[in-house]
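Following: one structure in structure tokens, then a few remarks.
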Amino acid sequence: MDNKFYYKGHHFYLNDKKVFLNSGEIHYFRIKRELWDKHLEAAIEAGLTTVSTYVPWAWHEPEEGQFDLNGHTKPERDLKGWLERCQDHGLHCIVKPGPFILAETRGAGLPDWFLDQYGNEVKMRNRKGEVVSSDGVSLFHPVYQEKVAAWYDRIMPFISELEISKGGPVIMMQVCNEIGVFSWLAHQADYNDDVRNRFVKYLKNKFNNITGVNKLWETNYRSFDEIKLPPDGRNPFVSKGDRSRDQEWHLFWRNYYGDYLRTLAGMARDRGVTVPFYHNLPGWIYGSGYEFPVNITMYDDLFGDKSEIIFGVDHIPEYVSYRNMHDDRIINDITRAMQGNKPLFAAEFQCGSREYHVVTNPRELELFYKASIANGLTGWNYYMFSQGRNPRHRGYSGQTFYWFTPLAPEGEKNSVFPLVKRMSKIIKNQESLIVNSERKAEVCVLFYPPYYATELERPEAGASNLQFNYAAIRRPAYFDGLLKVLQVLNIDYDMVDLTKTATGEIGNYKQLWAFSTDEMNSRDQQVLVDYTHNGGNLVIFPNLPDREMSQNLCTILRDEIGIEPTGAETIDSPLVDVYDHKDIKCANPQIIYDVDNLKDAKAIARTIRGSVCGFEKPLGKGMVIHLGTWFGFDTEGHKPVYETLLNKSGARLRQASSNSEYIAVRERFTPDSKAILFVGNYYNEEQTGKVTYTHPESGENIHIPYLGQEMLWPPLYSILTPVCLEIAKGISILHCTSDILNFEKKEGEIEIILFGDRDLKGELVLEGSEVSDITEVQMNGKQMDTARNGKSVVIHYEHMHRKEMIMRLLILNF
């Protein structure tokens, strides 16, 4: 076995080779011991390199102080035997020892004896002191910490001895699991005494004296010791000061979760574990990822250099369609923007269903898997690869755990198994291209974490005098609005966390989009001003902020622009004119400006009443475009408006495109002049169209089909093709509408294994200085016609139904 696994930058490395982490989840404790080998043999057949599993505290310490890691009380508790079997099959391992594992287990993985004896003492409590109806506990309660330490005393040295560096199979470890989920789902913080003490300490470290707190919160505390915790439940804000306190409460919890996970990581390191750590983030709800930003911002104190922990994401789209085609990319982009220079890893990557009524479809999953690669993933863990059966009285949902997975508990394969196997072949064949490819973008969208610090938010009933409450509009205006339409338009854009970037880091983008409400911190307002002064094109909507998140007055942007709003209009069924676009649906209110006060600005948007609600104005070397309203994306009239705004940048908006508005196209490039191209149809009906992409060496436009006008793209289907992939000296695959599962050089020929949808026309284009030496092309033993165009050879063919095909290139003097 290999003996070194680590991450550096955005990539995983195995023995200093950059790799795509191709893993599948198998729970040894949910499968009979005598079936372990059958499942592991299937994992190898499917092409997985790694298997992942929880290591439940409740399973291995069934009674306090009685540990079983070798199966002496029950065969399925033999963790050592499981890891050894994995290694014997040539598989690496990811282990997840909690203490919380969730995983649809009762108690979220905490032992029954612990909850029976100490649950009432350690459970989360509300502001009234009542136990919260949740699996969550007070994370720094001394009893909880003591029992976790005892578990770690046993499990961490055990894991350490089986790490890859010591000749074992373990390459990575999860530190706890989705720990913020309890407060998020219950919309409830923990109000234990320890929490209050930590909150007061946090405030003392942040504020010089109690006067600063009183000024922001509109309180009259005489000392920090008098401070009371904010209300829980859904009591509306009563003042700006109340809203300010709520913001500080959310910031504290980011610090709290950071301290907790750093504590666990330190405990594991102290006990000898050296492999990389990660923590998992949830966020998909019934097929939509709009709540993911709330979850990831809860860990803001752990990103970048603040911790060594990688943050893996859940990708559970349930049903893949046009409705959620944008969600996975947004989640990937936000994760990369927030956590910084670390790998993008889908720790729970849908390959089955947690709910019986959600029936996974291999066709939809294939579309999702290929899009995930096009959206930058450098590793995934199929969740679940194997279905399981819960030990007696352990399952949250009864006996069965997960449905429609590649393997049933007894090891039988289902319809998803061939897809996983095929994806493994694609990854193995094109791994270097996949892990080295990057997006090329001249447009950037800003992500602003403070707008998602709302897991405990209370209602905004007007006491704060806000025109726009970000929590109320961020989904339609930003997530399902701006970010979706950019993908529908096939715009190449990057995402940057405004709170973590500096002007110089965003200065290369020709256009910057900022979703901005009434509130934005001074440092972040200044970054936008500096970007624009230095020559950038800033599009900012729906408001210019007039305060910080703390409610402190702050008008840096307004002062630099020099234009103040004169009011706001609220109109029944509002419409605006924007540039030359008439009657564009928008939202209330519209922030209006006096035309006489625009100075050197130009009005670009007007309300139904004729009031100016948008302008563009030179600022320094750059330009500010401001709209005092938001559109979202729910009519066909919105697309041309966004297109007009984008064209104001002078940026190259697309590296790849289609003449059909229903076909999604994305292209990523490698430093050595190769690329990977995704083409997807997210609609449940066939589409006709032509795709254009950028040749990574010459920069010229290349078309699919190469010689024709248009082709039919099957419903809910996609291709992921290498571009300029060299298969022999002087011969490269320019593109292919089939999955390329393998290519192999043989005497006098190159053999290429292909797979595709029977309704999609097969096209493989070869280019290079030596393509003239190709004397014959055969498909499954039959000679094929070819079209030659200079240094290119175009081969057309029909795909067989659910069968691999063998193409042979017979080459002169090869």
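Identifiers in this document derive from the order of the structure tokens: chains are assigned A, B, ..., residues are numbered from 1 separately in each chain, and ligands are numbered from 1 in order of occurrence.
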Would you pick out the contacts of Asp785 of chain A at 8 Å or less, using only C-alpha atoms, so that residues sharing its chain but fewer than 5 positions from it are not included, and give the list as a CSV table (one decimal) with N, CA and C atoms, in the first residue's frame?
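The new file out-v3.csv reads:
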```
chain,number,residue,atom,x,y,z
A,777,VAL,N,-10.3,3.3,-39.5
A,777,VAL,CA,-11.0,3.3,-38.2
A,777,VAL,C,-12.1,2.2,-38.2
A,795,ILE,N,-15.1,11.3,-37.0
A,795,ILE,CA,-15.7,10.0,-37.1
A,795,ILE,C,-17.1,10.0,-36.5
A,796,HIS,N,-18.0,9.6,-37.2
A,796,HIS,CA,-19.4,9.5,-36.7
A,796,HIS,C,-19.9,8.1,-36.6
```
- [ ] Could you give me, as a PyMOL selection string, the residues within 12 Å of Asn126 of chain A, counting only C-alpha atoms and dropping anything in the same chain fewer than 2 positions from it?
- [x] chain A and resi 123-124+128-134+136-138+183+186-193+195-196+229-233
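Omitting segment 264-277 of chain A and its sequence neighbours fewer than 6 positions away, and counting only C-alpha atoms, the residues within 6 Å are Met156, Pro157, Ser160, Ile171, Met172, Met173, Gln174 and Ile309 of chain A.
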TODO: Can you work out which one of A:Glu63, A:Glu455, A:Asp672, A:Glu104 has the shortest atom-to-atom distance to His393 of chain A, counting only C-alpha atoms?
DONE: A:Glu104
If we count only C-alpha atoms, what is near Leu482 of chain A at a cut-off of 9 Å, once residues fewer than 3 positions away on the same chain are taken out, given as a PDB file with all heavy atoms, in the first residue's frame?
```pdb
ATOM      1  N   PRO A 476     -34.621  34.549  -3.610  1.00  0.00           N
ATOM      2  CA  PRO A 476     -35.108  34.914  -4.947  1.00  0.00           C
ATOM      3  C   PRO A 476     -34.219  35.913  -5.678  1.00  0.00           C
ATOM      4  O   PRO A 476     -34.103  35.866  -6.906  1.00  0.00           O
ATOM      5  CB  PRO A 476     -36.493  35.505  -4.679  1.00  0.00           C
ATOM      6  CG  PRO A 476     -36.437  35.981  -3.260  1.00  0.00           C
ATOM      7  CD  PRO A 476     -35.549  35.012  -2.550  1.00  0.00           C
ATOM      8  N   ALA A 477     -33.578  36.815  -4.944  1.00  0.00           N
ATOM      9  CA  ALA A 477     -32.769  37.847  -5.598  1.00  0.00           C
ATOM     10  C   ALA A 477     -31.389  37.351  -5.983  1.00  0.00           C
ATOM     11  O   ALA A 477     -30.860  37.719  -7.040  1.00  0.00           O
ATOM     12  CB  ALA A 477     -32.631  39.063  -4.678  1.00  0.00           C
ATOM     13  N   TYR A 478     -30.815  36.494  -5.158  1.00  0.00           N
ATOM     14  CA  TYR A 478     -29.401  36.115  -5.300  1.00  0.00           C
ATOM     15  C   TYR A 478     -29.237  34.653  -5.706  1.00  0.00           C
ATOM     16  O   TYR A 478     -28.774  34.343  -6.797  1.00  0.00           O
ATOM     17  CB  TYR A 478     -28.689  36.409  -3.982  1.00  0.00           C
ATOM     18  CG  TYR A 478     -27.203  36.145  -3.957  1.00  0.00           C
ATOM     19  CD1 TYR A 478     -26.331  36.929  -4.697  1.00  0.00           C
ATOM     20  CD2 TYR A 478     -26.679  35.135  -3.162  1.00  0.00           C
ATOM     21  CE1 TYR A 478     -24.954  36.706  -4.653  1.00  0.00           C
ATOM     22  CE2 TYR A 478     -25.309  34.903  -3.102  1.00  0.00           C
ATOM     23  CZ  TYR A 478     -24.449  35.681  -3.854  1.00  0.00           C
ATOM     24  OH  TYR A 478     -23.093  35.451  -3.801  1.00  0.00           O
ATOM     25  N   PHE A 479     -29.674  33.736  -4.844  1.00  0.00           N
ATOM     26  CA  PHE A 479     -29.418  32.316  -5.077  1.00  0.00           C
ATOM     27  C   PHE A 479     -30.171  31.809  -6.309  1.00  0.00           C
ATOM     28  O   PHE A 479     -29.574  31.252  -7.241  1.00  0.00           O
ATOM     29  CB  PHE A 479     -29.816  31.509  -3.835  1.00  0.00           C
ATOM     30  CG  PHE A 479     -29.271  30.101  -3.804  1.00  0.00           C
ATOM     31  CD1 PHE A 479     -28.135  29.808  -3.061  1.00  0.00           C
ATOM     32  CD2 PHE A 479     -29.891  29.082  -4.502  1.00  0.00           C
ATOM     33  CE1 PHE A 479     -27.624  28.512  -3.037  1.00  0.00           C
ATOM     34  CE2 PHE A 479     -29.396  27.789  -4.481  1.00  0.00           C
ATOM     35  CZ  PHE A 479     -28.255  27.498  -3.743  1.00  0.00           C
ATOM     36  N   VAL A 485     -29.425  32.675 -13.151  1.00  0.00           N
ATOM     37  CA  VAL A 485     -29.469  33.198 -14.517  1.00  0.00           C
ATOM     38  C   VAL A 485     -28.077  33.214 -15.144  1.00  0.00           C
ATOM     39  O   VAL A 485     -27.914  32.992 -16.350  1.00  0.00           O
ATOM     40  CB  VAL A 485     -30.117  34.600 -14.555  1.00  0.00           C
ATOM     41  CG1 VAL A 485     -29.180  35.681 -14.049  1.00  0.00           C
ATOM     42  CG2 VAL A 485     -30.578  34.923 -15.972  1.00  0.00           C
ATOM     43  N   LEU A 486     -27.036  33.442 -14.348  1.00  0.00           N
ATOM     44  CA  LEU A 486     -25.679  33.402 -14.897  1.00  0.00           C
ATOM     45  C   LEU A 486     -25.360  32.021 -15.454  1.00  0.00           C
ATOM     46  O   LEU A 486     -24.670  31.892 -16.474  1.00  0.00           O
ATOM     47  CB  LEU A 486     -24.662  33.793 -13.823  1.00  0.00           C
ATOM     48  CG  LEU A 486     -24.680  35.256 -13.363  1.00  0.00           C
ATOM     49  CD1 LEU A 486     -23.643  35.480 -12.270  1.00  0.00           C
ATOM     50  CD2 LEU A 486     -24.444  36.194 -14.526  1.00  0.00           C
ATOM     51  N   GLN A 487     -25.861  30.983 -14.795  1.00  0.00           N
ATOM     52  CA  GLN A 487     -25.609  29.638 -15.298  1.00  0.00           C
ATOM     53  C   GLN A 487     -26.476  29.314 -16.508  1.00  0.00           C
ATOM     54  O   GLN A 487     -26.017  28.667 -17.451  1.00  0.00           O
ATOM     55  CB  GLN A 487     -25.829  28.621 -14.178  1.00  0.00           C
ATOM     56  CG  GLN A 487     -24.801  28.754 -13.070  1.00  0.00           C
ATOM     57  CD  GLN A 487     -24.859  27.620 -12.079  1.00  0.00           C
ATOM     58  OE1 GLN A 487     -24.788  26.456 -12.444  1.00  0.00           O
ATOM     59  NE2 GLN A 487     -24.990  27.956 -10.809  1.00  0.00           N
ATOM     60  N   PHE A 515     -24.480  41.719  -4.343  1.00  0.00           N
ATOM     61  CA  PHE A 515     -25.809  41.752  -3.760  1.00  0.00           C
ATOM     62  C   PHE A 515     -25.676  42.474  -2.421  1.00  0.00           C
ATOM     63  O   PHE A 515     -25.006  41.997  -1.512  1.00  0.00           O
ATOM     64  CB  PHE A 515     -26.333  40.327  -3.580  1.00  0.00           C
ATOM     65  CG  PHE A 515     -27.579  40.210  -2.759  1.00  0.00           C
ATOM     66  CD1 PHE A 515     -28.763  40.795  -3.182  1.00  0.00           C
ATOM     67  CD2 PHE A 515     -27.568  39.511  -1.561  1.00  0.00           C
ATOM     68  CE1 PHE A 515     -29.920  40.687  -2.416  1.00  0.00           C
ATOM     69  CE2 PHE A 515     -28.715  39.389  -0.788  1.00  0.00           C
ATOM     70  CZ  PHE A 515     -29.896  39.981  -1.219  1.00  0.00           C
ATOM     71  N   PHE A 631     -34.518  41.838  -9.416  1.00  0.00           N
ATOM     72  CA  PHE A 631     -35.380  41.174 -10.386  1.00  0.00           C
ATOM     73  C   PHE A 631     -35.638  39.714 -10.044  1.00  0.00           C
ATOM     74  O   PHE A 631     -36.709  39.184 -10.292  1.00  0.00           O
ATOM     75  CB  PHE A 631     -34.756  41.203 -11.791  1.00  0.00           C
ATOM     76  CG  PHE A 631     -34.333  42.553 -12.259  1.00  0.00           C
ATOM     77  CD1 PHE A 631     -33.067  42.759 -12.758  1.00  0.00           C
ATOM     78  CD2 PHE A 631     -35.203  43.630 -12.202  1.00  0.00           C
ATOM     79  CE1 PHE A 631     -32.666  43.996 -13.197  1.00  0.00           C
ATOM     80  CE2 PHE A 631     -34.821  44.874 -12.635  1.00  0.00           C
ATOM     81  CZ  PHE A 631     -33.538  45.068 -13.136  1.00  0.00           C
ATOM     82  N   GLY A 632     -34.594  39.044  -9.537  1.00  0.00           N
ATOM     83  CA  GLY A 632     -34.679  37.593  -9.468  1.00  0.00           C
ATOM     84  C   GLY A 632     -34.554  37.008 -10.855  1.00  0.00           C
ATOM     85  O   GLY A 632     -33.945  37.591 -11.762  1.00  0.00           O
ATOM     86  N   PHE A 633     -35.173  35.868 -11.067  1.00  0.00           N
ATOM     87  CA  PHE A 633     -35.161  35.239 -12.387  1.00  0.00           C
ATOM     88  C   PHE A 633     -36.375  34.330 -12.491  1.00  0.00           C
ATOM     89  O   PHE A 633     -36.306  33.147 -12.202  1.00  0.00           O
ATOM     90  CB  PHE A 633     -33.858  34.464 -12.601  1.00  0.00           C
ATOM     91  CG  PHE A 633     -33.798  33.714 -13.907  1.00  0.00           C
ATOM     92  CD1 PHE A 633     -34.275  34.283 -15.079  1.00  0.00           C
ATOM     93  CD2 PHE A 633     -33.276  32.439 -13.967  1.00  0.00           C
ATOM     94  CE1 PHE A 633     -34.226  33.594 -16.288  1.00  0.00           C
ATOM     95  CE2 PHE A 633     -33.201  31.736 -15.157  1.00  0.00           C
ATOM     96  CZ  PHE A 633     -33.687  32.314 -16.322  1.00  0.00           C
ATOM     97  N   TYR A 642     -30.049  41.048 -17.670  1.00  0.00           N
ATOM     98  CA  TYR A 642     -28.762  40.612 -17.125  1.00  0.00           C
ATOM     99  C   TYR A 642     -27.682  40.633 -18.204  1.00  0.00           C
ATOM    100  O   TYR A 642     -26.542  41.031 -17.946  1.00  0.00           O
ATOM    101  CB  TYR A 642     -28.889  39.209 -16.529  1.00  0.00           C
ATOM    102  CG  TYR A 642     -29.606  39.146 -15.201  1.00  0.00           C
ATOM    103  CD1 TYR A 642     -30.901  38.637 -15.106  1.00  0.00           C
ATOM    104  CD2 TYR A 642     -28.987  39.577 -14.029  1.00  0.00           C
ATOM    105  CE1 TYR A 642     -31.556  38.557 -13.880  1.00  0.00           C
ATOM    106  CE2 TYR A 642     -29.635  39.502 -12.799  1.00  0.00           C
ATOM    107  CZ  TYR A 642     -30.924  38.994 -12.730  1.00  0.00           C
ATOM    108  OH  TYR A 642     -31.566  38.922 -11.513  1.00  0.00           O
TER     109      TYR A 642
END
```
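Omitting Ile330 of chain A and its sequence neighbours fewer than 4 positions away, and counting only C-alpha atoms, the residues within 8 Å are His326, Ile334, Phe479 and Leu483 of chain A.
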Generate the output file for the selected residues, C-alpha atoms, as an mmCIF file, in the first residue's frame.
```cif
data_model
loop_
_atom_site.group_PDB
_atom_site.id
_atom_site.type_symbol
_atom_site.label_atom_id
_atom_site.label_comp_id
_atom_site.auth_asym_id
_atom_site.auth_seq_id
_atom_site.Cartn_x
_atom_site.Cartn_y
_atom_site.Cartn_z
ATOM 1 C CA HIS A 326 -27.600 25.701 -10.453
ATOM 2 C CA ILE A 334 -19.285 29.250 -1.871
ATOM 3 C CA PHE A 479 -29.418 32.316 -5.077
ATOM 4 C CA LEU A 483 -26.653 33.035 -9.627
#
```
TODO: Can you pull out every residue within 9 Å of Asn295 of chain A, counting only C-alpha atoms, but drop anything in the same chain fewer than 3 positions away, and send it as a ChimeraX atom specification?
DONE: /A:178,180-181,184,281-283,291-292,298-299,452-453,455
Let me see the file: selected residues, C-alpha atoms, as a short mmCIF file (atom, residue, chain, number, x, y, z; two decimals), in the first residue's frame.
```cif
data_model
loop_
_atom_site.label_atom_id
_atom_site.label_comp_id
_atom_site.auth_asym_id
_atom_site.auth_seq_id
_atom_site.Cartn_x
_atom_site.Cartn_y
_atom_site.Cartn_z
CA GLU A 178 -22.62 18.55 10.96
CA GLY A 180 -24.32 23.12 13.71
CA VAL A 181 -27.28 21.18 12.37
CA TRP A 184 -30.16 25.20 12.44
CA LEU A 281 -21.65 20.46 5.94
CA PRO A 282 -25.36 19.86 5.20
CA GLY A 283 -27.68 22.24 3.39
CA GLU A 291 -29.93 26.82 2.93
CA PHE A 292 -26.35 25.62 2.46
CA MET A 298 -21.61 28.85 10.94
CA TYR A 299 -17.98 27.68 10.64
CA TYR A 452 -26.40 34.25 6.02
CA ALA A 453 -25.69 34.49 9.75
CA GLU A 455 -29.74 30.26 11.82
#
```
Task: From A:Asp194, A:Asp634, A:Glu348, A:Glu438, residue lying nearest His10 of chain A [only C-alpha atoms] - done: A:Glu438
TODO: Find the residues near Ser718 of chain A: any atom within 6 Å, counting only C-alpha atoms, skip ones fewer than 4 places away on the same chain, and give them as number ranges by chain.
DONE: A: 367, 679-680
Export N, CA and C atoms of the chosen residues as a PDB file, in the first residue's frame?
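Saved to result.pdb:
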```pdb
ATOM      1  N   LEU A 367     -26.052  12.857 -14.892  1.00  0.00           N
ATOM      2  CA  LEU A 367     -26.011  14.282 -15.221  1.00  0.00           C
ATOM      3  C   LEU A 367     -25.398  15.067 -14.072  1.00  0.00           C
ATOM      4  N   VAL A 679     -21.394  19.392 -21.425  1.00  0.00           N
ATOM      5  CA  VAL A 679     -22.586  19.817 -22.151  1.00  0.00           C
ATOM      6  C   VAL A 679     -23.761  19.059 -21.555  1.00  0.00           C
ATOM      7  N   GLY A 680     -24.771  19.776 -21.039  1.00  0.00           N
ATOM      8  CA  GLY A 680     -25.868  19.107 -20.352  1.00  0.00           C
ATOM      9  C   GLY A 680     -27.233  19.627 -20.754  1.00  0.00           C
TER      10      GLY A 680
END
```
